[in-house]
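In what follows, a structure is listed as structure tokens, so that the remarks can point back to it.
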Number of protein chains: 2
Amino acid sequence: MTSTAAEPAALEPRERVVTAAAELFYARGIQAVGMDEVRGAAGVSLKRLYAEFPGKEQLVLAVLDWRREQWETGLARAVEQADEPRARLLAVFDFLEDWFADDSFRGCGFINAFGELGATSPSVAAATRAHKQAFQDYVARLARDAGADETLGAQLALLAEGAQTTAAIAGCGDSAEVAHRAAEVLIDAALAQR
Amino acid sequence: MTSTAAEPAALEPRERVVTAAAELFYARGIQAVGMDEVRGAAGVSLKRLYAEFPGKEQLVLAVLDWRREQWETGLARAVEQADEPRARLLAVFDFLEDWFADDSFRGCGFINAFGELGATSPSVAAATRAHKQAFQDYVARLARDAGADETLGAQLALLAEGAQTTAAIAGCGDSAEVAHRAAEVLIDAALAQR
DNA sequence: TACAGTAGAGAACGATCGTTCTCACCGCAA
DNA sequence: TTGCGGTGAGAACGATCGTTCTCTACTGTA
């Protein structure tokens with residue numbers, strides 16, 4: 001999922017900047033990484049960097065958008081590997097489990113960015129809100145496909161969010177498995193209720 | 001003019017600094033608030049501020065410790081209002097619901113601090129980890145008192161964490177109620193299993 | 001009154017960072 | 001060749017911030 005720092009020359013400068021900035025921001029925090037370091041990691045000049053992004057905020061938003069795209073395609077790929085509606089709901093938590101096992105895992109980049117800049121940057125707050133809303137909608141759709149009502153989707157989304165923060169802070173314990181088992185209970189209860 | 005010790009309403013300088021810093025850090029982020037602004041809000045001199053805390057990091061840690069204390073006493077008070085073990089478990093989510101309704105609610109201060117400084121400040125990361133671990137232990141104890149096994153506590157803790165981040169980002173929807181209903185399902189399932 | 005000690009107010013310092021500017025260099029058309 | 005538009009490398013600028021230093025006012029004591 002991550003691209004290494006040494007980018008092949010085939011990538012466009014803009015994409016090199018976004019991927020390098022995404023990696024740096026995620027690993028160390030946004031405010032802890034200066035534009036000059038992004039420039040060095042991306043192998044572009046400051047002039048080019050500011051030609052692509054008029055300011056750091058625009059770069060941050062581009063990184064968040066790139067991360068959202070990565071998240072959505074990865075999640076969809078995991079879900080599509082399952083055929084049955086119930087298994088597709090649980091695939092969300094398998095996806096999380098794989099993610100948490102990654103060495104570079106350091107929590108949800110949106111939650112981190114929101115904690116860091118959400119109070120001072122309305123656009124970062126809006127991007128985070130949109131991303132989380134899309135996730136909730138996606139899970140709600142999977143729940144509806146499984147024959148449950150909207151509530152189940154919201155409940156499973158809460159579990160997924162809690163697993164992400166807990167895995168990040170506790171240093172990647174077994175949050176995904178715990179959430180997975182809780183999800184099974186909630187799904188079965190929701191389906192039995194009908 | 002400084003307030004004399006005879007005035008009952010005046011807090012000690014150190015406590016004024018901690019509460020003022022806690023409010024500012026929580027509302028706007030830690031790095032967005034300078035020491036000078038903390039000094040102004042607390043009504044102390046820079047000299048006094050640095051006499052109490054040798055650096056900003058120590059102040060941040062003191063704020064986190066104060067916040068942990070506030071959280072623990074508030075949570076314990078909510079839980080103790082319930083008599084039955086099951087109601088005591090659910091009181092955790094009532095506590096969250098009250099908190100989310102606060103106008104100044106902006107998510108869990110520890111999660112925000114972790115997202116902002118966890119990667120660069122080991123002591124902030126450790127304080128966050130300790131706080132979340134203590135919460136998990138507390139819920140696990142409540143679950144054990146209710147006659148369920150350890151797993152239920154971990155599951156409910158995940159729900160609580162997810163409700164906090166979701167309420168913060170979505171702007172305080174009904175996360176607490178959703179988590180509350182999910183908790184009821186999980187508790188009943190855990191108790192029926194025995 | 002003189003003096004020592006303390007504390008407040010805020011200037012000052014050094015470092016960092018986002019952003020802009022300078023300047024040398026390269027490819028290329030006339 | 002000459003001129004020119006564009007680019008890279010990096011110096012420079014202005015602002016912010018954590019931290020320290022200076023100066024002044026005040027308090028208590030002899």
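Starting from 1 in every chain, residues are counted up; chains themselves are A, B, ... following the order of the structure tokens, and ligands are numbered from 1 as listed.
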
Closest contacts (chain B/chain C, max 12 Å, only C-alpha atoms (C1' of nucleotides)) as CSV:
residue,atom,partner,partner_atom,distance
B:Met1,CA,C:DG8,C1',9.1
B:Thr2,CA,C:DG8,C1',9.6
B:Asp36,CA,C:DG10,C1',10.8
B:Arg39,CA,C:DA9,C1',11.7
B:Gly40,CA,C:DA9,C1',11.5
B:Gly43,CA,C:DG8,C1',10.7
B:Val44,CA,C:DG8,C1',8.4
B:Ser45,CA,C:DG8,C1',6.1
B:Leu46,CA,C:DG8,C1',8.7
B:Lys47,CA,C:DG8,C1',8.0
B:Arg48,CA,C:DA7,C1',8.2
B:Leu49,CA,C:DG8,C1',11.5
B:Ala51,CA,C:DA7,C1',11.3

Please produce an output containing N, CA, C and O atoms for each residue in the selection, written as a PDB file, in the first residue's frame.
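Saved the output as result-v2.pdb:
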ATOM      1  N   MET B   1      -2.153  42.893  39.494  1.00  0.00           N
ATOM      2  CA  MET B   1      -2.190  42.574  40.923  1.00  0.00           C
ATOM      3  C   MET B   1      -2.504  41.097  41.134  1.00  0.00           C
ATOM      4  O   MET B   1      -3.408  40.541  40.537  1.00  0.00           O
ATOM      5  N   THR B   2      -1.750  40.492  42.003  1.00  0.00           N
ATOM      6  CA  THR B   2      -2.027  39.086  42.298  1.00  0.00           C
ATOM      7  C   THR B   2      -3.094  38.994  43.374  1.00  0.00           C
ATOM      8  O   THR B   2      -3.260  39.898  44.188  1.00  0.00           O
ATOM      9  N   ASP B  36       2.918  31.834  25.550  1.00  0.00           N
ATOM     10  CA  ASP B  36       2.535  33.199  25.899  1.00  0.00           C
ATOM     11  C   ASP B  36       1.027  33.320  26.071  1.00  0.00           C
ATOM     12  O   ASP B  36       0.550  34.049  26.933  1.00  0.00           O
ATOM     13  N   ARG B  39       0.127  31.769  29.363  1.00  0.00           N
ATOM     14  CA  ARG B  39       0.457  32.728  30.416  1.00  0.00           C
ATOM     15  C   ARG B  39      -0.648  33.780  30.563  1.00  0.00           C
ATOM     16  O   ARG B  39      -1.110  34.076  31.664  1.00  0.00           O
ATOM     17  N   GLY B  40      -1.098  34.327  29.436  1.00  0.00           N
ATOM     18  CA  GLY B  40      -2.137  35.336  29.498  1.00  0.00           C
ATOM     19  C   GLY B  40      -3.436  34.794  30.068  1.00  0.00           C
ATOM     20  O   GLY B  40      -4.073  35.437  30.902  1.00  0.00           O
ATOM     21  N   GLY B  43      -3.083  34.139  33.731  1.00  0.00           N
ATOM     22  CA  GLY B  43      -2.821  35.313  34.539  1.00  0.00           C
ATOM     23  C   GLY B  43      -1.574  35.189  35.387  1.00  0.00           C
ATOM     24  O   GLY B  43      -1.548  35.647  36.530  1.00  0.00           O
ATOM     25  N   VAL B  44      -0.564  34.565  34.845  1.00  0.00           N
ATOM     26  CA  VAL B  44       0.713  34.468  35.565  1.00  0.00           C
ATOM     27  C   VAL B  44       1.814  35.043  34.669  1.00  0.00           C
ATOM     28  O   VAL B  44       1.590  35.301  33.487  1.00  0.00           O
ATOM     29  N   SER B  45       2.949  35.241  35.225  1.00  0.00           N
ATOM     30  CA  SER B  45       4.061  35.735  34.427  1.00  0.00           C
ATOM     31  C   SER B  45       4.790  34.561  33.775  1.00  0.00           C
ATOM     32  O   SER B  45       4.685  33.417  34.209  1.00  0.00           O
ATOM     33  N   LEU B  46       5.522  34.881  32.723  1.00  0.00           N
ATOM     34  CA  LEU B  46       6.302  33.833  32.071  1.00  0.00           C
ATOM     35  C   LEU B  46       7.285  33.210  33.051  1.00  0.00           C
ATOM     36  O   LEU B  46       7.543  32.002  33.013  1.00  0.00           O
ATOM     37  N   LYS B  47       7.819  34.065  33.911  1.00  0.00           N
ATOM     38  CA  LYS B  47       8.779  33.561  34.895  1.00  0.00           C
ATOM     39  C   LYS B  47       8.128  32.504  35.775  1.00  0.00           C
ATOM     40  O   LYS B  47       8.672  31.429  36.010  1.00  0.00           O
ATOM     41  N   ARG B  48       6.944  32.823  36.243  1.00  0.00           N
ATOM     42  CA  ARG B  48       6.233  31.871  37.101  1.00  0.00           C
ATOM     43  C   ARG B  48       5.879  30.601  36.308  1.00  0.00           C
ATOM     44  O   ARG B  48       6.000  29.483  36.810  1.00  0.00           O
ATOM     45  N   LEU B  49       5.441  30.813  35.081  1.00  0.00           N
ATOM     46  CA  LEU B  49       5.067  29.670  34.260  1.00  0.00           C
ATOM     47  C   LEU B  49       6.234  28.691  34.116  1.00  0.00           C
ATOM     48  O   LEU B  49       6.092  27.486  34.303  1.00  0.00           O
ATOM     49  N   ALA B  51       8.753  28.571  36.051  1.00  0.00           N
ATOM     50  CA  ALA B  51       9.161  28.047  37.350  1.00  0.00           C
ATOM     51  C   ALA B  51       8.347  26.801  37.694  1.00  0.00           C
ATOM     52  O   ALA B  51       8.852  25.859  38.304  1.00  0.00           O
TER      53      ALA B  51
END

Practice task
Find the residues of chain B in contact range of chain D, meaning any atom within 10 Å when counting only C-alpha atoms (C1' of nucleotides), and list them as an MDAnalysis selection string.
Solution key: chainID B and resid 31:36 46:47 50 54:56

With N, CA, C and O atoms kept, could you save the residues just selected as a tab-separated table (two decimals), in the first residue's frame?
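Saved as out.tsv:
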chain	number	residue	atom	x	y	z
B	31	GLN	N	-0.10	22.47	19.53
B	31	GLN	CA	0.91	23.26	18.85
B	31	GLN	C	0.37	24.61	18.38
B	31	GLN	O	1.13	25.52	18.07
B	32	ALA	N	-0.95	24.73	18.34
B	32	ALA	CA	-1.54	26.00	17.91
B	32	ALA	C	-1.59	27.02	19.05
B	32	ALA	O	-1.92	28.18	18.82
B	33	VAL	N	-1.30	26.59	20.26
B	33	VAL	CA	-1.36	27.48	21.42
B	33	VAL	C	0.05	27.70	21.95
B	33	VAL	O	0.75	26.75	22.30
B	34	GLY	N	0.47	28.94	22.01
B	34	GLY	CA	1.80	29.25	22.50
B	34	GLY	C	1.83	29.42	24.00
B	34	GLY	O	0.81	29.64	24.64
B	35	MET	N	3.02	29.32	24.53
B	35	MET	CA	3.20	29.48	25.97
B	35	MET	C	2.74	30.87	26.41
B	35	MET	O	2.23	31.05	27.53
B	36	ASP	N	2.92	31.83	25.55
B	36	ASP	CA	2.54	33.20	25.90
B	36	ASP	C	1.03	33.32	26.07
B	36	ASP	O	0.55	34.05	26.93
B	46	LEU	N	5.52	34.88	32.72
B	46	LEU	CA	6.30	33.83	32.07
B	46	LEU	C	7.29	33.21	33.05
B	46	LEU	O	7.54	32.00	33.01
B	47	LYS	N	7.82	34.06	33.91
B	47	LYS	CA	8.78	33.56	34.89
B	47	LYS	C	8.13	32.50	35.77
B	47	LYS	O	8.67	31.43	36.01
B	50	TYR	N	7.40	29.25	33.81
B	50	TYR	CA	8.56	28.38	33.64
B	50	TYR	C	9.15	27.92	34.96
B	50	TYR	O	9.96	27.00	34.99
B	54	PRO	N	9.20	23.31	33.56
B	54	PRO	CA	10.47	23.65	32.90
B	54	PRO	C	10.35	23.78	31.40
B	54	PRO	O	11.23	24.37	30.77
B	55	GLY	N	9.31	23.26	30.81
B	55	GLY	CA	9.15	23.37	29.36
B	55	GLY	C	7.73	23.04	28.98
B	55	GLY	O	6.91	22.63	29.79
B	56	LYS	N	7.41	23.24	27.71
B	56	LYS	CA	6.03	23.01	27.26
B	56	LYS	C	5.64	21.55	27.40
B	56	LYS	O	4.49	21.23	27.71

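Among the candidate residues B:Ala189, B:Leu11, B:Ala21, B:Ala176, the one lying nearest to Gly147 of chain B is B:Ala189, with distances computed using only C-alpha atoms.
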
Please check the contacts: residues of chain A at most 9 Å away from chain B, using only C-alpha atoms, listed as a PyMOL selection string.
chain A and resi 26-32+106-109+111-120+125-126+128-130+132-133+151-152+154-166+169-171+175+178-179+181-182+185-186+189

After superposing chain B onto chain A (least squares, all C-alpha atoms, pairing by order), export the transformed chain as a PDB file with C-alpha atoms, in the first residue's frame.
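superposed.pdb, written as the output of this step:
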ATOM      1  CA  MET B   1      19.604  14.490 -11.255  1.00  0.00           C
ATOM      2  CA  THR B   2      15.993  14.006 -12.153  1.00  0.00           C
ATOM      3  CA  SER B   3      14.754  10.716 -13.424  1.00  0.00           C
ATOM      4  CA  THR B   4      13.606  10.682 -16.974  1.00  0.00           C
ATOM      5  CA  ALA B   5      10.096   9.838 -18.019  1.00  0.00           C
ATOM      6  CA  ALA B   6      11.342   6.616 -19.571  1.00  0.00           C
ATOM      7  CA  GLU B   7      12.017   5.056 -16.170  1.00  0.00           C
ATOM      8  CA  PRO B   8       8.922   3.091 -15.232  1.00  0.00           C
ATOM      9  CA  ALA B   9       9.645   2.940 -11.509  1.00  0.00           C
ATOM     10  CA  ALA B  10       9.837   6.711 -11.098  1.00  0.00           C
ATOM     11  CA  LEU B  11       6.587   8.301 -10.034  1.00  0.00           C
ATOM     12  CA  GLU B  12       5.516  11.701 -11.131  1.00  0.00           C
ATOM     13  CA  PRO B  13       6.780  14.508  -8.876  1.00  0.00           C
ATOM     14  CA  ARG B  14       3.305  15.301  -7.621  1.00  0.00           C
ATOM     15  CA  GLU B  15       2.659  11.709  -6.629  1.00  0.00           C
ATOM     16  CA  ARG B  16       6.081  11.422  -5.002  1.00  0.00           C
ATOM     17  CA  VAL B  17       5.254  14.482  -2.928  1.00  0.00           C
ATOM     18  CA  VAL B  18       1.877  13.142  -1.857  1.00  0.00           C
ATOM     19  CA  THR B  19       3.104   9.695  -0.868  1.00  0.00           C
ATOM     20  CA  ALA B  20       6.155  11.050   0.943  1.00  0.00           C
ATOM     21  CA  ALA B  21       4.066  13.620   2.779  1.00  0.00           C
ATOM     22  CA  ALA B  22       1.454  11.002   3.639  1.00  0.00           C
ATOM     23  CA  GLU B  23       4.059   8.781   5.220  1.00  0.00           C
ATOM     24  CA  LEU B  24       5.709  11.605   7.157  1.00  0.00           C
ATOM     25  CA  PHE B  25       2.471  13.201   8.316  1.00  0.00           C
ATOM     26  CA  TYR B  26       1.113   9.864   9.440  1.00  0.00           C
ATOM     27  CA  ALA B  27       4.239   8.822  11.300  1.00  0.00           C
ATOM     28  CA  ARG B  28       4.988  12.057  13.110  1.00  0.00           C
ATOM     29  CA  GLY B  29       2.001  14.379  12.826  1.00  0.00           C
ATOM     30  CA  ILE B  30       1.306  17.110  10.323  1.00  0.00           C
ATOM     31  CA  GLN B  31       2.622  20.109  12.196  1.00  0.00           C
ATOM     32  CA  ALA B  32       5.742  18.202  13.212  1.00  0.00           C
ATOM     33  CA  VAL B  33       6.787  17.797   9.573  1.00  0.00           C
ATOM     34  CA  GLY B  34       8.008  20.834   7.671  1.00  0.00           C
ATOM     35  CA  MET B  35       7.671  21.492   3.997  1.00  0.00           C
ATOM     36  CA  ASP B  36      11.428  21.245   3.693  1.00  0.00           C
ATOM     37  CA  GLU B  37      11.409  17.708   4.983  1.00  0.00           C
ATOM     38  CA  VAL B  38       8.657  16.762   2.567  1.00  0.00           C
ATOM     39  CA  ARG B  39      10.727  18.238  -0.231  1.00  0.00           C
ATOM     40  CA  GLY B  40      13.730  16.172   0.811  1.00  0.00           C
ATOM     41  CA  ALA B  41      11.771  12.937   1.131  1.00  0.00           C
ATOM     42  CA  ALA B  42      10.049  13.436  -2.203  1.00  0.00           C
ATOM     43  CA  GLY B  43      13.236  14.457  -3.952  1.00  0.00           C
ATOM     44  CA  VAL B  44      11.838  17.596  -5.519  1.00  0.00           C
ATOM     45  CA  SER B  45      12.786  21.220  -5.230  1.00  0.00           C
ATOM     46  CA  LEU B  46      10.887  23.693  -3.117  1.00  0.00           C
ATOM     47  CA  LYS B  47       9.989  25.488  -6.304  1.00  0.00           C
ATOM     48  CA  ARG B  48       8.404  22.381  -7.730  1.00  0.00           C
ATOM     49  CA  LEU B  49       6.698  21.611  -4.448  1.00  0.00           C
ATOM     50  CA  TYR B  50       5.047  25.004  -4.343  1.00  0.00           C
ATOM     51  CA  ALA B  51       4.234  24.786  -8.024  1.00  0.00           C
ATOM     52  CA  GLU B  52       2.217  21.633  -7.338  1.00  0.00           C
ATOM     53  CA  PHE B  53       0.659  22.830  -4.077  1.00  0.00           C
ATOM     54  CA  PRO B  54       0.225  26.528  -3.361  1.00  0.00           C
ATOM     55  CA  GLY B  55       0.515  25.954   0.370  1.00  0.00           C
ATOM     56  CA  LYS B  56       0.789  23.321   3.062  1.00  0.00           C
ATOM     57  CA  GLU B  57      -2.952  23.143   3.546  1.00  0.00           C
ATOM     58  CA  GLN B  58      -3.468  22.089  -0.068  1.00  0.00           C
ATOM     59  CA  LEU B  59      -0.822  19.412   0.390  1.00  0.00           C
ATOM     60  CA  VAL B  60      -2.544  18.182   3.529  1.00  0.00           C
ATOM     61  CA  LEU B  61      -5.845  17.965   1.693  1.00  0.00           C
ATOM     62  CA  ALA B  62      -4.206  16.097  -1.181  1.00  0.00           C
ATOM     63  CA  VAL B  63      -2.705  13.659   1.311  1.00  0.00           C
ATOM     64  CA  LEU B  64      -6.069  13.108   2.953  1.00  0.00           C
ATOM     65  CA  ASP B  65      -7.658  12.484  -0.433  1.00  0.00           C
ATOM     66  CA  TRP B  66      -4.932  10.007  -1.341  1.00  0.00           C
ATOM     67  CA  ARG B  67      -5.407   8.271   1.986  1.00  0.00           C
ATOM     68  CA  ARG B  68      -9.148   8.097   1.478  1.00  0.00           C
ATOM     69  CA  GLU B  69      -8.601   6.472  -1.894  1.00  0.00           C
ATOM     70  CA  GLN B  70      -6.190   3.927  -0.396  1.00  0.00           C
ATOM     71  CA  TRP B  71      -8.694   3.155   2.349  1.00  0.00           C
ATOM     72  CA  GLU B  72     -11.627   2.745   0.009  1.00  0.00           C
ATOM     73  CA  THR B  73      -9.883   0.474  -2.466  1.00  0.00           C
ATOM     74  CA  GLY B  74      -8.337  -1.632   0.305  1.00  0.00           C
ATOM     75  CA  LEU B  75     -11.627  -2.002   2.100  1.00  0.00           C
ATOM     76  CA  ALA B  76     -13.519  -2.823  -1.077  1.00  0.00           C
ATOM     77  CA  ARG B  77     -10.941  -5.453  -1.995  1.00  0.00           C
ATOM     78  CA  ALA B  78     -11.317  -7.115   1.431  1.00  0.00           C
ATOM     79  CA  VAL B  79     -15.088  -7.039   1.276  1.00  0.00           C
ATOM     80  CA  GLU B  80     -15.253  -8.418  -2.245  1.00  0.00           C
ATOM     81  CA  GLN B  81     -13.352 -11.507  -1.200  1.00  0.00           C
ATOM     82  CA  ALA B  82     -16.463 -12.597   0.666  1.00  0.00           C
ATOM     83  CA  ASP B  83     -19.580 -13.792  -1.067  1.00  0.00           C
ATOM     84  CA  GLU B  84     -22.256 -13.905   1.554  1.00  0.00           C
ATOM     85  CA  PRO B  85     -23.657 -10.617   2.900  1.00  0.00           C
ATOM     86  CA  ARG B  86     -22.885 -11.535   6.495  1.00  0.00           C
ATOM     87  CA  ALA B  87     -19.300 -12.420   5.662  1.00  0.00           C
ATOM     88  CA  ARG B  88     -18.957  -9.197   3.721  1.00  0.00           C
ATOM     89  CA  LEU B  89     -19.928  -7.235   6.811  1.00  0.00           C
ATOM     90  CA  LEU B  90     -17.419  -9.126   8.895  1.00  0.00           C
ATOM     91  CA  ALA B  91     -14.734  -8.632   6.270  1.00  0.00           C
ATOM     92  CA  VAL B  92     -14.592  -5.008   7.402  1.00  0.00           C
ATOM     93  CA  PHE B  93     -13.100  -6.191  10.666  1.00  0.00           C
ATOM     94  CA  ASP B  94     -10.720  -8.585   8.977  1.00  0.00           C
ATOM     95  CA  PHE B  95      -9.499  -5.620   6.999  1.00  0.00           C
ATOM     96  CA  LEU B  96      -8.954  -3.692  10.219  1.00  0.00           C
ATOM     97  CA  GLU B  97      -7.102  -6.611  11.763  1.00  0.00           C
ATOM     98  CA  ASP B  98      -4.643  -6.734   8.887  1.00  0.00           C
ATOM     99  CA  TRP B  99      -4.166  -2.991   9.065  1.00  0.00           C
ATOM    100  CA  PHE B 100      -3.558  -2.949  12.808  1.00  0.00           C
ATOM    101  CA  ALA B 101      -0.867  -5.589  12.416  1.00  0.00           C
ATOM    102  CA  ASP B 102       1.146  -3.272  10.179  1.00  0.00           C
ATOM    103  CA  ASP B 103       4.276  -2.011  11.892  1.00  0.00           C
ATOM    104  CA  SER B 104       3.631   1.527  10.795  1.00  0.00           C
ATOM    105  CA  PHE B 105       0.069   1.540  12.120  1.00  0.00           C
ATOM    106  CA  ARG B 106      -0.554   4.612  14.180  1.00  0.00           C
ATOM    107  CA  GLY B 107      -4.328   4.963  14.149  1.00  0.00           C
ATOM    108  CA  CYS B 108      -6.645   6.461  11.617  1.00  0.00           C
ATOM    109  CA  GLY B 109      -4.897   9.258   9.768  1.00  0.00           C
ATOM    110  CA  PHE B 110      -8.128  11.180   9.520  1.00  0.00           C
ATOM    111  CA  ILE B 111      -8.819  11.027  13.226  1.00  0.00           C
ATOM    112  CA  ASN B 112      -5.261  12.119  13.923  1.00  0.00           C
ATOM    113  CA  ALA B 113      -5.505  14.985  11.451  1.00  0.00           C
ATOM    114  CA  PHE B 114      -8.859  15.984  12.876  1.00  0.00           C
ATOM    115  CA  GLY B 115      -7.521  16.065  16.402  1.00  0.00           C
ATOM    116  CA  GLU B 116      -4.576  18.118  15.278  1.00  0.00           C
ATOM    117  CA  LEU B 117      -6.137  20.531  12.805  1.00  0.00           C
ATOM    118  CA  GLY B 118      -9.899  20.027  12.911  1.00  0.00           C
ATOM    119  CA  ALA B 119     -10.427  23.022  15.130  1.00  0.00           C
ATOM    120  CA  THR B 120      -8.342  25.420  13.065  1.00  0.00           C
ATOM    121  CA  SER B 121      -8.769  24.152   9.520  1.00  0.00           C
ATOM    122  CA  PRO B 122     -12.354  23.882   8.273  1.00  0.00           C
ATOM    123  CA  SER B 123     -11.232  22.072   5.138  1.00  0.00           C
ATOM    124  CA  VAL B 124      -9.425  19.367   7.109  1.00  0.00           C
ATOM    125  CA  ALA B 125     -12.516  18.990   9.277  1.00  0.00           C
ATOM    126  CA  ALA B 126     -14.705  18.743   6.192  1.00  0.00           C
ATOM    127  CA  ALA B 127     -12.461  16.152   4.536  1.00  0.00           C
ATOM    128  CA  THR B 128     -12.490  14.056   7.699  1.00  0.00           C
ATOM    129  CA  ARG B 129     -16.232  14.364   8.032  1.00  0.00           C
ATOM    130  CA  ALA B 130     -16.762  13.357   4.398  1.00  0.00           C
ATOM    131  CA  HIS B 131     -14.477  10.336   4.746  1.00  0.00           C
ATOM    132  CA  LYS B 132     -16.198   9.073   7.870  1.00  0.00           C
ATOM    133  CA  GLN B 133     -19.630   9.695   6.404  1.00  0.00           C
ATOM    134  CA  ALA B 134     -18.674   7.686   3.326  1.00  0.00           C
ATOM    135  CA  PHE B 135     -17.534   4.819   5.526  1.00  0.00           C
ATOM    136  CA  GLN B 136     -20.784   4.880   7.474  1.00  0.00           C
ATOM    137  CA  ASP B 137     -22.744   4.871   4.224  1.00  0.00           C
ATOM    138  CA  TYR B 138     -20.674   1.971   2.914  1.00  0.00           C
ATOM    139  CA  VAL B 139     -21.245  -0.147   6.003  1.00  0.00           C
ATOM    140  CA  ALA B 140     -24.918   0.797   6.024  1.00  0.00           C
ATOM    141  CA  ARG B 141     -25.171  -0.462   2.461  1.00  0.00           C
ATOM    142  CA  LEU B 142     -23.513  -3.748   3.406  1.00  0.00           C
ATOM    143  CA  ALA B 143     -25.943  -4.066   6.306  1.00  0.00           C
ATOM    144  CA  ARG B 144     -28.905  -3.420   4.067  1.00  0.00           C
ATOM    145  CA  ASP B 145     -27.602  -6.029   1.625  1.00  0.00           C
ATOM    146  CA  ALA B 146     -27.499  -8.475   4.512  1.00  0.00           C
ATOM    147  CA  GLY B 147     -31.154  -7.807   5.213  1.00  0.00           C
ATOM    148  CA  ALA B 148     -30.765  -5.683   8.322  1.00  0.00           C
ATOM    149  CA  ASP B 149     -31.972  -2.169   8.812  1.00  0.00           C
ATOM    150  CA  GLU B 150     -29.895   1.003   8.883  1.00  0.00           C
ATOM    151  CA  THR B 151     -29.222   0.791  12.590  1.00  0.00           C
ATOM    152  CA  LEU B 152     -26.908  -2.180  12.241  1.00  0.00           C
ATOM    153  CA  GLY B 153     -24.652  -0.280   9.873  1.00  0.00           C
ATOM    154  CA  ALA B 154     -24.293   2.605  12.290  1.00  0.00           C
ATOM    155  CA  GLN B 155     -23.554   0.213  15.130  1.00  0.00           C
ATOM    156  CA  LEU B 156     -20.854  -1.625  13.203  1.00  0.00           C
ATOM    157  CA  ALA B 157     -19.317   1.661  12.088  1.00  0.00           C
ATOM    158  CA  LEU B 158     -19.029   2.705  15.726  1.00  0.00           C
ATOM    159  CA  LEU B 159     -17.306  -0.562  16.523  1.00  0.00           C
ATOM    160  CA  ALA B 160     -14.850  -0.033  13.681  1.00  0.00           C
ATOM    161  CA  GLU B 161     -14.046   3.499  14.792  1.00  0.00           C
ATOM    162  CA  GLY B 162     -13.573   2.400  18.368  1.00  0.00           C
ATOM    163  CA  ALA B 163     -11.313  -0.432  17.285  1.00  0.00           C
ATOM    164  CA  GLN B 164      -9.130   2.001  15.337  1.00  0.00           C
ATOM    165  CA  THR B 165      -8.595   4.441  18.174  1.00  0.00           C
ATOM    166  CA  THR B 166      -8.163   1.702  20.737  1.00  0.00           C
ATOM    167  CA  ALA B 167      -5.638  -0.145  18.599  1.00  0.00           C
ATOM    168  CA  ALA B 168      -3.738   3.076  18.020  1.00  0.00           C
ATOM    169  CA  ILE B 169      -3.576   4.136  21.640  1.00  0.00           C
ATOM    170  CA  ALA B 170      -3.217   0.773  23.322  1.00  0.00           C
ATOM    171  CA  GLY B 171      -0.514  -0.126  20.829  1.00  0.00           C
ATOM    172  CA  CYS B 172      -2.332  -2.656  18.739  1.00  0.00           C
ATOM    173  CA  GLY B 173      -3.849  -5.190  21.090  1.00  0.00           C
ATOM    174  CA  ASP B 174      -6.693  -7.375  19.958  1.00  0.00           C
ATOM    175  CA  SER B 175      -9.200  -4.619  19.223  1.00  0.00           C
ATOM    176  CA  ALA B 176     -10.033  -5.960  15.809  1.00  0.00           C
ATOM    177  CA  GLU B 177     -10.868  -9.413  17.152  1.00  0.00           C
ATOM    178  CA  VAL B 178     -12.974  -7.936  19.949  1.00  0.00           C
ATOM    179  CA  ALA B 179     -14.828  -5.783  17.450  1.00  0.00           C
ATOM    180  CA  HIS B 180     -15.221  -8.775  15.162  1.00  0.00           C
ATOM    181  CA  ARG B 181     -16.909 -10.845  17.850  1.00  0.00           C
ATOM    182  CA  ALA B 182     -19.133  -7.945  18.879  1.00  0.00           C
ATOM    183  CA  ALA B 183     -20.075  -7.451  15.247  1.00  0.00           C
ATOM    184  CA  GLU B 184     -21.152 -11.085  14.974  1.00  0.00           C
ATOM    185  CA  VAL B 185     -23.438 -10.647  17.940  1.00  0.00           C
ATOM    186  CA  LEU B 186     -24.941  -7.446  16.588  1.00  0.00           C
ATOM    187  CA  ILE B 187     -25.427  -8.876  13.113  1.00  0.00           C
ATOM    188  CA  ASP B 188     -27.098 -12.017  14.374  1.00  0.00           C
ATOM    189  CA  ALA B 189     -29.367 -10.011  16.641  1.00  0.00           C
ATOM    190  CA  ALA B 190     -30.311  -7.654  13.824  1.00  0.00           C
ATOM    191  CA  LEU B 191     -31.063 -10.505  11.433  1.00  0.00           C
ATOM    192  CA  ALA B 192     -33.025 -12.472  14.027  1.00  0.00           C
ATOM    193  CA  GLN B 193     -35.170  -9.454  14.739  1.00  0.00           C
ATOM    194  CA  ARG B 194     -36.632  -9.513  11.260  1.00  0.00           C
TER     195      ARG B 194
END

- Task: Name the residues of segment 9-145 of chain A that come out as alpha helix (DSSP H) in a backbone DSSP run; write them as a ChimeraX atom specification.
- Result: /A:13-28,35-42,46-52,56-80,85-100,109-117,122-145
